[in-house]
Structure formats: structure tokens, C-alpha cells
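The structure appears right after this line, and notes come after that.
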Amino acid sequence: MGAARMRRRRTRTAFAIAVAIALGIGLSACDPAVTSPLPGDPATATAEPSDSPPPETVRPEAQPGPRVVAGPVALGGERIAALVPRLAAMRTDGFAANARWAVPPGSTALGDALTSRVAGALRDFAAAHGAAWTPGVDLVAGGASAPCSGGSAYAVSRTRLSVDCSIVVASGAVVGERLVIARVQADAPTQVAREVWYAAGPDAAPHDGAGLYADGSAARVLALVSEALRAASRVGPGEDPFAGVAGEDSKTLLVDSAAGAAGVVITLAVPGVDRTSPTSVHVPWRLLHPFLSESGSIVRSAAVSGDPYEPPSAPGGGDPVDCTLLACVSLTFDDGPTSLTPSLLDVLDRERAAATFYVQGSSVARNPGTAARIVAAGHEIANHTWAHPNLTKLTDEQVRDEVRRTQDAIASATGVRPTSLRPPYGASNAEVRELVPLPFVVWDLDTRDWQDPGVDVVVERAAGGAAPGSIVLMHDTHEETIEAVPSIIDRLRARGFALASVEGQFAGALPGRGALVSHGPR
């Protein structure tokens with residue numbers, strides 16, 4: 001009986017060790033599962049005779065420690081498809097600059113932080129070379145078609161700035177994005193900054209990779225990096241290249257900490273090591289666990305889970321767009337809302353593309369729910385008169401009545417009073433503009449979609465003819481137009497455009513009453 005009990009006890013011990021290995025739980029020499037004496041062991045009693053062969057000794061495989069790796073792993077495809085791609089580019093005779101990054105949908109703290117970081121780098125670089133930042137298009141392969149994806153600049157300048165991005169975590173509400181900012185100057189060393197930005201939700205405060213670790217733990221994390229460097233013979237036995245690094249300097253070394261399913265890849269320049277490129281070290285989560293901050297623990301849980309990204313709920317037309325940084329274009333639709341408008345709104349929502357709708361008051365009265373949906377989806381709604389007359393042929397009172405009735409109908413249906421007017425046929429004069437307390441918005445690109453020229457023609461006119469600041473005229477009264485819109489959006493983004501409302505092109509502050517506007521700021 002004693003031998004049977006001993007075999008059962010050893011079986012349970014082996015099982016416990018195997019489970020621990022599978023779960024990544026380290027067992028030390030003091031763990032009871034390893035060191036507790038078994039009945040019949042020499043430490044407790046003399047073993048009973050047995051005809052059975054002695055059980056094999058259980059030897060758990062050594063768990064991996066920190067190790068030098070090629071670099072962090074980036075996510076792609078459907079894992080990051082819900083993020084909003086951004087591209088800013090500029091070229092002069094003296095320099096070229098382009099930046100690609102991605103932001104969560106809607107207005108988020110992480111999106112604001114990433115955009116501010118990129119904008120600062122671009123504007124400072126342009127200013128250092130005697131220019132104000134002026135966004136352009138047709139400069140970078142792939143444009144802004146997909147998050148953190150695309151080609152390089154079409155033309156290479158000896159003086160250039162590039163910002164590239166990759167997504168390292170997109171799980172639950174957590175996003176981690178890596179930026180690599182490279183400055184190349186003729187006859188000067190290339191300067192490269194690498195950093196990872198995290199946020200544990202749309203309202204969570206963003207932080208860089210060093211924020212994964214608790215205050216005062218940077219030296220312990222760097223000690224793990226040193227262990228990997230010694231194992232790879234990057235430094236000598238017993239050498240600690242970070243021994244003289246402390247305080248904020250140690251945190252700076254950890255800003256490029258890319259979380260993944262198995263651990264964190266820390267990429268840094270090792271002090272005293274002469275290498276043309278930085279070194280990347282993978283540190284398993286089980287070793288970092290004691291040193292994680294509260295946010296770091298949240299990021300770890302998300303990265304390990306592998307759950308799909310859950311983007312914040314935000315209107316498809318409501319993503320913030322800075323048209324002083326990005327090359328913007330406005331798609332505008334006249335004469336609705338109609339029975340076709342809901343299908344158009346579906347497309348815009350799916351593509352997360354903003355638009356401006358110049359609606360007739362009589363159509364709003366017939367379709368108040370659709371008008372309300374335009375506003376709820378984050379788009380701009382504006383006045384296109386009540387019955388679409390040529391305002392230059394009306395009396396003063398008739399002009400005022402056309403505008404006033406439409407303003408009231410829109411406000412009744414949506415709760416919003418429009419801030420601009422599009423005159424039917426684009427027809428106005430100084431006398432008419434003096435009568436209306438709104439700016440008059442026309443266009444600089446007419447697709448002539450009302451002629452039903454065919455989907456491909458509408459796409460080419462809208463996407464091929466657009467320039468930064470363009471206001472494109474279309475109508476949500478024609479099926480060909482609705483069918484053309486997905487391809488128009490794809491083509492514009494591939495050229496490097498961002499879609500913005502007309503009001504968005506002016507940062508929410510259109511020119512004053514009576515002004516005649518045909519395009520955004522240029």
C-alpha cells in the first residue's frame with residue numbers, strides 16, 4: 001500500500017509541475033510541488049520493497065528568459081481594420097516629409113496624442129527648412145487607404161522626414177501603436193526616434209512604452225535586458241551596460257516597449273555598444289509581472305487575451321480631421337434628403353467618411369427622420385432653400401422666406417440650425433448675399449452627375465479632379481452617384497486625401513455672412 005501511495009503522490013506532483021509549465025508559472029527550489037518529501041522517501045522512511053521499476057525523475061524544461069530578437073511583431077488585416085488611417089505629406093525643392101499613423105474612431109485621447117506628436121514633428125521639420133507646413137497629395141504610394149499600411153514616397157529627397165507606424169496591440173479597448181520617426185539630412189547622421197503609445201480605452205490617458213512599468217522599476221526592467229545581452233554575447237560576462245543609467249534616463253530607454261502575446265519587445269540603443277541599429281530584447285510577461293504599472297497590467301491582459309479590438313462607438317462622420325495638417329476634400333450632396341439618402345449614409349458610415357448635405361426645406365419636411373440621421377451620423381447639414389429657386393430672380397422677402405422656412409424645418413427635424421447656405425444653381429449676387437445672414441458655399445469641382453454620365457465618369461471627375469481644399473458637387477438624388485461614392489472615397493484616400501465636411505475644412509469657423517466660398521483654405 002505504501003508503494004502505491006508513493007506512486008500516486010509522485011503522479012500528482014508530476015501533473016502539478018506539467019500544469020505549471022503549461023501556464024508559465026515558475027517553480028523554485030522552495031515550491032512544495034518540487035521539494036515536499038513523499039511517503040517512503042529516504043527523508044521520511046525506508047522505501048517498501050517493490051517489483052515495479054522506479055518512476056522516472058520529473059525534470060521541468062527550463063522556461064525561456066529574456067532574449068535578443070529581430071524586433072517587435074506588428075498586427076495587420078482585420079485585427080486593425082477598425083482604426084482610422086491618416087497620412088500627411090509635403091514636398092518642396094528642398095525637402096520631403098511624410099507621416100503615416102492611425103487613430104481610433106471618434107475623438108479619443110490617444111488619437112489626439114498621436115496626431116499632436118506627428119504634427120509637431122512635421123511642422124518643426126518644415127520650419128527648420130524655412131517653410132510652413134502645407135499638405136499635398138499624390139506624394140506617397142498607397143495614400144491613406146489602410147491603417148499603417150502603404151508604400152514609400154514616390155520621389156526621394158536627400159533631406160527628408162518620415163514617420164511610419166505599426167500596431168502592436170489592438171484588443172478589447174486597448175490600442176498600442178509604434179511610431180518610428182526618421183530624419184535624414186545630407187552630410188549628417190540619420191536621427192531616428194522610436195516610441196510606442198498606449199491607451200487602455202478612448203478616455204484613458206495615453207502613455208509611452210515606459211508607462212507600462214511601475215514607478216521606480218525601470219532599473220529592474222533594464223537588468224532583464226542586460227541578462228539577454230550577456231546571453232547573446234552582446235556585452236561581456238557580468239557586464240551591465242545600464243549600470244550608470246538612472247531616473248528619467250532609464251525611462252527614456254524604455255519608451256519603445258512593444259507589448260505582445262508572450263511578453264514585451266524592448267528596442268533601445270545600448271550604452272557603450274557600437275551598433276548601427278538598435279537592439280531588441282524580448283522579455284516574457286512572467287518576468288515583467290512584478291514591475292508592471294496599473295496600465296501595464298491592463299495592456300498585458302489585452303495582449304495575452306488576443307480578443308478582437310472593440311473600437312469606441314462614434315458617428316462615422318465625426319472623426320476629427322485637422323485640415324491644416326492633412327490634405328482635405330469635401331464631398332457635398334444637394335437636393336435631398338430623398339429615398340436614396342439612407343443608402344448613401346450607409347456607405348459613408350461604413351467608410352467613416354464625412355460629408356456635407358445641402359438640403360431643401362421641402363424635402364426635410366417630407367423626410368425628417370433622414371435629416372435627423374444625417375446629423376446623428378456626424379455629417380454637416382446646411383441650407384439649400386425651400387423649393388430650389390434661382391434667388392437672383394426673387395424679391396427680397398421671397399429670398400428671406402426661402403431661407404427662413406428651411407432653417408426652421410432643419411432645426412425642427414434635427415435640433416441643429418445650419419451655418420451656411422448653398423444657393424440653387426450656384427446663383428447669387430451681392431444683393432442676395434446681403435439679405436441672408438449666412439455664408440454662401442458653392443464649389444470648385446462639379447461632377448455634373450445630374451446628367452447621369454455613368455458611374456466611372458462620376459468617379460473620375462470627383463476623385464481625379466480634386467485638389468487640396470476642393471468642394472465637390474454631387475446630388476443624392478441619382479442612383480449612379482450613390483453607386484459611385486465608395487470608389488470615389490477609395491480613390492481620394494489612395495491619393496492621400498482626408499474627407500472632411502465643408503465646415504471642417506475651416507476648423508468649424510466658416511467665413512462670415514455674405515461671404516462667397518468655393519473651396520477650403522489653400
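FYI, nothing fancy with the C-alpha cells labels: chains A, B, ... in order, residues from 1 per chain, ligands from 1 as they appear.
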DSSP-assigned strand (DSSP E) members of range 150-398 of chain A, reported as a PyMOL selection string: chain A and resi 160-171+174-184+191-199+207-208+257-259+263-268+279-284+327-334+356-359+380-383
Contacts of Thr92 in chain A at 10 Å (only C-alpha atoms; same-chain gap of 3+ positions) as a ChimeraX atom specification: /A:95-97,126,129,131,134,157
Write out, as a tab-separated table (two decimals), in the first residue's frame, the residues just selected, with C-alpha atoms.
chain	number	residue	atom	x	y	z
A	95	PHE	CA	12.92	68.61	-48.68
A	96	ALA	CA	10.23	65.98	-48.45
A	97	ALA	CA	8.24	64.90	-45.42
A	126	ALA	CA	9.26	72.17	-42.27
A	129	HIS	CA	13.91	74.29	-43.53
A	131	ALA	CA	8.70	76.57	-44.88
A	134	THR	CA	1.42	72.76	-46.50
A	157	SER	CA	14.88	63.76	-51.33
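Counting from CA of Asp319 in chain A, the distance to CA of Thr332 in chain A is 17.0 Å.
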Neighbour list for Gly316 in chain A as a PyMOL selection string, cut-off 6 Å, only C-alpha atoms, skip fewer than 6 positions in-chain: chain A and resi 349+352+377
Residue nearest Ser107 in chain A among A:Gly318, A:Asn383, A:Gly94, A:Arg495 (counting only C-alpha atoms): A:Gly318
Coordinates-based distance that separates CA of Pro135 in chain A from CA of Pro521 in chain A (Å, one decimal):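 Value for the CA of Pro521 in chain A-CA of Pro135 in chain A distance: 11.4 Å.
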Spatial neighbours of range 274-285 of chain A, 10 Å, only C-alpha atoms, chain gap at least 2 places, as a PyMOL selection string: chain A and resi 24+63-72+192+194+221+224-229+234+256-272+287-292+297+300+304
